[in-house]
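For reference, the structure discussed in these notes is given below.
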Amino acid sequence: MSAVVNSTVTSVMARCLLEPGYLDRLARSPDDALAGLMVDAETRVAIAGLDVERVRLFAGFISKVQHNDLWDNFPGTRALLRYYGAELATFAEYRAQHLELGREAKPSRAAKTVAFLGFLESRLRSPEAPEYPGLLDVLTHERLHWEVTESVLECRFPVQGRPAPGPVRTDTADGRVVVARDAVRVAVLSYDPLELVARLRDGGQALSGLTPKAVCLCYWGRHSLGRVSVLTVDPPTAAVLAAVDDGRPVHEVLDTSQTLLPEADRSDLARILDAAAQQGLVQLIDVPTAVG
Amino acid sequence: MPRIHVSAGTEVGVAYSRSTPEFIERNPGTVDYVEIPFELLCHDPAVATRVGTPVVLHCASLSIAGSVTPPSAVVSSVEEWIKRTRTPWLGEHLSFITAERDKPGEFADEYAPGEPWNIGYTVSPPMNSETVETVVRSVDRAMSAFSVPVILENPPVYFSVPGSTMSQVEFISEVCARSDARLLLDLAHFYITSRNLGYDPLVELARFPLEEVVEVHVSGVDTDAGGCWDNHASRAPQLELDMLAVVMERAPVRAVTLEYNWSSRFPESVLREEIARVREVVDACRP
């Protein structure tokens with residue numbers, strides 16, 4: 001082979017690694033994909049013999065390595081991906097999106113994280129997705145923990161107002177606004193991620209007998225303490241806390257939580273909201289009405 | 001022509017990660033040097049002084065085995081960092097990271113017309129006599145441009161590259177025979193290549209030009225999707241340590257670098273154990 005052909009081989013390999021669409025075309029129809037190449041028949045045959053599946057995995061491997069810093073905050077997700085032997089396949093599928101994200105400018109670490117987690121979540125929710133029991137739950141758990149941590153670190157608590165303590169009223173439309181203190185998120189999960197992560201730390205041997213175990217978790221970030229607590233809560237509490245949207249008045253929070261949990265009694269939900277305010281998870285405030 | 005001075009001792013170092021400065025502070029005297037990528041120094045120059053140890057410079061930007069020569073600004077910047085870090089040599093991958101895309105009618109890219117492909121990761125080249133010629137020319141250029149010698153690192157091979165007519169050991173032996181380059185033997189890469197291509201790594205190692213090896217890399221490997229992959233976040237398999245013993249017996253190794261730099265959560269206790277494992281092999285082979 002001549003040096004000219006060597007340069008063609010490296011060009012085709014580079015293109016395969018940087019343009020997943022081209023790699024797909026090479027796999028489907030090598031003659032068409034290589035039609036523009038001005039090389040001899042022997043070289044064309046050699047290039048057409050490229051193991052495109054291995055190249056696709058290698059491209060995924062490159063993306064995987066370029067996401068090494070992601071795992072600092074998502075160790076359980078990674079451990080479970082590895083347990084199911086799905087890490088490389090996932091990044092190979094993600095390759096096109098990853099490349100697109102970096103086309104214009106180098107994305108921030110946070111942007112990379114959000115993009116990859118969004119991809120993984122939609123992949124796991126897809127009806128065609130392989131069965132990876134507990135992976136979506138661990139991903140959701142670590143994602144919420146990370147999001148609340150980021151909120152606490154950046155002190156993103158936009159709603160301001162005058163504290164207006166006092167029991168929640170259900171007889172009239174209680175117009176006070178419910179705000180989280182300082183960041184509260186809730187997850188309703190089919191598998192307990194804390195238990196799963198603990199089992200993975202033991203090498204994952206015990207995961208073979210994994211069975212669903214519904215659990216509701218609350219992620220409570222407090223700026224003054226600089227940390228995030230994970231609380232196990234019951235379904236009505238989860239419904240109430242999930243309805244808090246930093247701007248919703250009390251009556252809307254109760255309406256929404258009742259939509260989330262239709263079998264719940266409204267006065268019970270009001271008591272739960274009271275308890276959450278007593279505990280400091282949320283605060284009731286008066287927000288001046290904007291004058292237009 | 002810059003030369004490597006052979007001394008009696010073999011030093012043990014680590015590849016830089018975010019946790020390296022704290023590790024060194026908490027474990028004084030554990031490592032003799034830190035290996036730092038040129039590309040990281042371009043992005044964060046303070047890293048060079050943050051470690052507080054001698055530095056060995058590593059590089060992935062020269063595309064030694066590719067047909068696109070690196071921009072002169074990159075070469076100048078590498079030389080600047082060679083001087084600033086006082087590295088004894090420059091380690092570079094025997095790979096390509098860039099490739100041409102300016103052939104007529106080919107590969108038009110609306111985002112970067114006329115620019116070479118930049119893969120952002122080093123890739124094993126077609127292993128044939130033409131690539132040997134390319135590497136010899138690249139090494140000559142590098143040896144002229146830099147005030148320290150360049151040592152070439154064996155890349156991991158994940159699939160057969162079209163146009164290859166040589167095994168990796170034959171290819172590297174030919175490069176050594178035809179140039180002044182000496183070698184950085186990455187044992188994980190060597191293990192991965194052997195496994196992926198169906199060779200016995202110890203048999204292959206016996207054929208490797210070990211007399212040219214100046215630095216050795218040790219790190220983990222992974223298996224996924226039916227293949228063997230590089231992994232700087234897990235312990236090296238025992239076979240790598242067995243291979244290290246063979247290399248130490250036959251090669252004038254100046255430095256052994258542990259590359260556990262892909263996770264800032266790599267446990268400090270495990271890193272200490274891995275350093276001790278490597279030092280045990282190195283000390284056992286000292287005259």
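How things are named: the first chain in the structure tokens is A, the next is B, and so on; residues count from 1 in each chain; ligands count from 1 in the order shown.
With only C-alpha atoms taken into account, chain B has Ser67, Ala99, Glu100, Glu130, Pro162 and Trp262 of chain B at most 6 Å from chain A.
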Test item, strand (DSSP E) assignment across range 94-224 of chain A, answer as a ChimeraX atom specification: /A:162-163,177-180,183-189,215-222
One-decimal distance in Å that lies between CA of Glu11 in chain B and CA of Val281 in chain B: 12.1 Å
Neighbour list for Ser234 in chain B as a list of chain:residue names, cut-off 9 Å, only C-alpha atoms, skip fewer than 5 positions in-chain: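 Surrounding residues, per the criterion: B:Ser219, B:Gly220, B:Val221, B:Asp222, B:Tyr260, B:Phe266.
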Just write the chosen residues, N, CA and C atoms, as an mmCIF file, in the first residue's frame.
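As written to disk, result.cif reads:
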data_model
loop_
_atom_site.group_PDB
_atom_site.id
_atom_site.type_symbol
_atom_site.label_atom_id
_atom_site.label_comp_id
_atom_site.auth_asym_id
_atom_site.auth_seq_id
_atom_site.Cartn_x
_atom_site.Cartn_y
_atom_site.Cartn_z
ATOM 1 N N SER B 219 -1.702 0.224 34.377
ATOM 2 C CA SER B 219 -3.063 0.656 34.765
ATOM 3 C C SER B 219 -4.016 -0.511 34.567
ATOM 4 N N GLY B 220 -5.312 -0.258 34.729
ATOM 5 C CA GLY B 220 -6.293 -1.343 34.677
ATOM 6 C C GLY B 220 -6.783 -1.636 33.271
ATOM 7 N N VAL B 221 -7.471 -2.741 33.144
ATOM 8 C CA VAL B 221 -8.147 -3.089 31.888
ATOM 9 C C VAL B 221 -9.577 -3.501 32.219
ATOM 10 N N ASP B 222 -10.396 -3.471 31.197
ATOM 11 C CA ASP B 222 -11.819 -3.694 31.366
ATOM 12 C C ASP B 222 -12.269 -4.679 30.287
ATOM 13 N N TYR B 260 -3.657 5.829 37.115
ATOM 14 C CA TYR B 260 -4.991 5.646 37.712
ATOM 15 C C TYR B 260 -5.650 7.026 37.778
ATOM 16 N N PHE B 266 -10.785 7.461 42.833
ATOM 17 C CA PHE B 266 -9.969 6.241 42.951
ATOM 18 C C PHE B 266 -9.429 6.211 44.386
#
Helix (DSSP H, G or I) call set, DSSP backbone run, range 116-268 of chain A, as a PyMOL selection string: chain A and resi 116-125+135-154+193-201+205-209+235-243+250-260+266-268
Quick one: residues within 10 Å of Arg50 in chain B, only C-alpha atoms counted, chain neighbours fewer than 4 positions away excluded, as a compact mmCIF listing (two decimals) with C-alpha atoms, in the first residue's frame?
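Okay, selection14.txt is ready:
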# COMPACT_ATOMS: atom_id res chain seq x y z
CA THR B 20 -2.90 13.96 42.91
CA PRO B 21 -1.78 17.13 44.77
CA GLU B 22 -3.68 16.09 47.91
CA PRO B 45 -0.80 25.78 33.54
CA ALA B 46 -0.87 25.93 37.36
Distance criterion (only C-alpha atoms): nearest to Glu268 in chain B out of B:Val169, B:Val161, B:Ala233, B:Val74: B:Ala233
Surrounding residues of Val175 in chain B excluding itself and chain neighbours under 5 positions, 10 Å, only C-alpha atoms, as a list in words: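 Answer for this query is Leu94, Ser129, Thr131, Val132, Glu133, Thr134, Val135, Val136, Val139, Leu152, Val169, Glu170, Asp180, Ala181 and Arg182 of chain B.
Among the candidates A:Glu263, A:Glu147, A:Asp182, A:Asp274, the residue lying nearest to Pro165 in chain A is A:Asp274 (atoms considered: only C-alpha atoms).
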Between CA of Ser76 in chain B and CA of Ala145 in chain B - distance in Å to one decimal: 8.0 Å
Surrounding residues of Phe23 in chain B excluding itself and chain neighbours under 4 positions, 12 Å, only C-alpha atoms, as a PDB file with N, CA and C atoms, in the first residue's frame:
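Result written to selection-v3.pdb:
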ATOM      1  N   VAL B  14       3.145   8.724  39.312  1.00  0.00           N
ATOM      2  CA  VAL B  14       1.720   8.554  38.992  1.00  0.00           C
ATOM      3  C   VAL B  14       1.323   9.552  37.915  1.00  0.00           C
ATOM      4  N   ALA B  15       0.308   9.176  37.150  1.00  0.00           N
ATOM      5  CA  ALA B  15      -0.272  10.110  36.183  1.00  0.00           C
ATOM      6  C   ALA B  15      -1.169  11.085  36.944  1.00  0.00           C
ATOM      7  N   TYR B  16      -1.141  12.333  36.525  1.00  0.00           N
ATOM      8  CA  TYR B  16      -1.881  13.381  37.243  1.00  0.00           C
ATOM      9  C   TYR B  16      -3.388  13.195  37.142  1.00  0.00           C
ATOM     10  N   SER B  17      -4.045  13.343  38.293  1.00  0.00           N
ATOM     11  CA  SER B  17      -5.508  13.498  38.304  1.00  0.00           C
ATOM     12  C   SER B  17      -5.818  14.612  39.307  1.00  0.00           C
ATOM     13  N   ARG B  18      -7.080  14.989  39.411  1.00  0.00           N
ATOM     14  CA  ARG B  18      -7.434  16.101  40.295  1.00  0.00           C
ATOM     15  C   ARG B  18      -7.033  15.843  41.744  1.00  0.00           C
ATOM     16  N   SER B  19      -6.980  14.550  42.120  1.00  0.00           N
ATOM     17  CA  SER B  19      -6.676  14.237  43.513  1.00  0.00           C
ATOM     18  C   SER B  19      -5.172  14.090  43.779  1.00  0.00           C
ATOM     19  N   ASN B  27       0.836  11.866  51.445  1.00  0.00           N
ATOM     20  CA  ASN B  27       1.727  10.700  51.385  1.00  0.00           C
ATOM     21  C   ASN B  27       3.100  11.124  50.872  1.00  0.00           C
ATOM     22  N   PRO B  28       3.796  11.975  51.642  1.00  0.00           N
ATOM     23  CA  PRO B  28       5.078  12.499  51.133  1.00  0.00           C
ATOM     24  C   PRO B  28       6.072  11.362  50.875  1.00  0.00           C
ATOM     25  N   GLY B  29       6.780  11.478  49.769  1.00  0.00           N
ATOM     26  CA  GLY B  29       7.809  10.488  49.442  1.00  0.00           C
ATOM     27  C   GLY B  29       7.286   9.225  48.785  1.00  0.00           C
ATOM     28  N   THR B  30       5.963   9.125  48.614  1.00  0.00           N
ATOM     29  CA  THR B  30       5.396   7.915  48.022  1.00  0.00           C
ATOM     30  C   THR B  30       5.707   7.821  46.532  1.00  0.00           C
ATOM     31  N   VAL B  31       5.687   8.955  45.852  1.00  0.00           N
ATOM     32  CA  VAL B  31       5.998   8.933  44.416  1.00  0.00           C
ATOM     33  C   VAL B  31       7.185   9.847  44.126  1.00  0.00           C
ATOM     34  N   VAL B  34       5.488  13.079  38.891  1.00  0.00           N
ATOM     35  CA  VAL B  34       4.119  13.029  38.378  1.00  0.00           C
ATOM     36  C   VAL B  34       4.167  13.218  36.865  1.00  0.00           C
ATOM     37  N   ARG B  50       1.566  22.843  41.018  1.00  0.00           N
ATOM     38  CA  ARG B  50       0.705  22.356  42.092  1.00  0.00           C
ATOM     39  C   ARG B  50       1.189  21.025  42.670  1.00  0.00           C
ATOM     40  N   VAL B  51       1.844  20.207  41.859  1.00  0.00           N
ATOM     41  CA  VAL B  51       2.191  18.865  42.326  1.00  0.00           C
ATOM     42  C   VAL B  51       3.417  18.851  43.242  1.00  0.00           C
ATOM     43  N   GLY B  52       4.316  19.814  43.093  1.00  0.00           N
ATOM     44  CA  GLY B  52       5.464  19.895  43.991  1.00  0.00           C
ATOM     45  C   GLY B  52       6.465  18.756  43.857  1.00  0.00           C
ATOM     46  N   THR B  53       6.459  18.070  42.713  1.00  0.00           N
ATOM     47  CA  THR B  53       7.425  16.992  42.464  1.00  0.00           C
ATOM     48  C   THR B  53       8.015  17.210  41.076  1.00  0.00           C
ATOM     49  N   SER B 264     -11.456  10.711  40.035  1.00  0.00           N
ATOM     50  CA  SER B 264     -10.909  11.411  41.199  1.00  0.00           C
ATOM     51  C   SER B 264     -11.321  10.704  42.490  1.00  0.00           C
ATOM     52  N   ARG B 265     -12.218   9.701  42.360  1.00  0.00           N
ATOM     53  CA  ARG B 265     -12.608   8.922  43.546  1.00  0.00           C
ATOM     54  C   ARG B 265     -11.829   7.609  43.650  1.00  0.00           C
ATOM     55  N   PHE B 266     -10.785   7.461  42.833  1.00  0.00           N
ATOM     56  CA  PHE B 266      -9.969   6.241  42.951  1.00  0.00           C
ATOM     57  C   PHE B 266      -9.429   6.211  44.386  1.00  0.00           C
ATOM     58  N   PRO B 267      -9.729   5.147  45.144  1.00  0.00           N
ATOM     59  CA  PRO B 267      -9.399   5.186  46.583  1.00  0.00           C
ATOM     60  C   PRO B 267      -7.894   5.341  46.842  1.00  0.00           C
ATOM     61  N   GLU B 268      -7.601   6.256  47.754  1.00  0.00           N
ATOM     62  CA  GLU B 268      -6.204   6.540  48.080  1.00  0.00           C
ATOM     63  C   GLU B 268      -5.500   5.288  48.606  1.00  0.00           C
ATOM     64  N   SER B 269      -6.224   4.499  49.402  1.00  0.00           N
ATOM     65  CA  SER B 269      -5.598   3.295  49.970  1.00  0.00           C
ATOM     66  C   SER B 269      -5.232   2.313  48.855  1.00  0.00           C
ATOM     67  N   VAL B 270      -6.088   2.225  47.825  1.00  0.00           N
ATOM     68  CA  VAL B 270      -5.804   1.323  46.704  1.00  0.00           C
ATOM     69  C   VAL B 270      -4.595   1.842  45.917  1.00  0.00           C
ATOM     70  N   LEU B 271      -4.531   3.158  45.738  1.00  0.00           N
ATOM     71  CA  LEU B 271      -3.382   3.730  45.023  1.00  0.00           C
ATOM     72  C   LEU B 271      -2.084   3.430  45.771  1.00  0.00           C
ATOM     73  N   ARG B 272      -2.138   3.564  47.097  1.00  0.00           N
ATOM     74  CA  ARG B 272      -0.917   3.250  47.892  1.00  0.00           C
ATOM     75  C   ARG B 272      -0.537   1.780  47.712  1.00  0.00           C
TER      76      ARG B 272
END
Nearby residues (only C-alpha atoms) at most 7 Å from Ala164 in chain A, same-chain spacing under 4 positions excluded, as a PyMOL selection string: chain A and resi 284-286
Selection from above, N, CA and C atoms, as a PDB file, in the first residue's frame, can you write it?
ATOM      1  N   LEU A 284     -44.371  28.841  54.748  1.00  0.00           N
ATOM      2  CA  LEU A 284     -45.548  29.535  54.207  1.00  0.00           C
ATOM      3  C   LEU A 284     -45.249  31.027  54.229  1.00  0.00           C
ATOM      4  N   ILE A 285     -45.450  31.665  53.106  1.00  0.00           N
ATOM      5  CA  ILE A 285     -45.126  33.095  53.034  1.00  0.00           C
ATOM      6  C   ILE A 285     -46.253  33.855  52.343  1.00  0.00           C
ATOM      7  N   ASP A 286     -46.263  35.159  52.653  1.00  0.00           N
ATOM      8  CA  ASP A 286     -47.148  36.075  51.916  1.00  0.00           C
ATOM      9  C   ASP A 286     -46.317  36.723  50.826  1.00  0.00           C
TER      10      ASP A 286
END
For Val177 in chain A, the nearest of the candidates A:Val244, A:Leu217, A:Val230, A:Ala27, counting only C-alpha atoms: A:Val244
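The spacing separating CA of Ser267 in chain A from CA of Val178 in chain A amounts to 16.6 Å.
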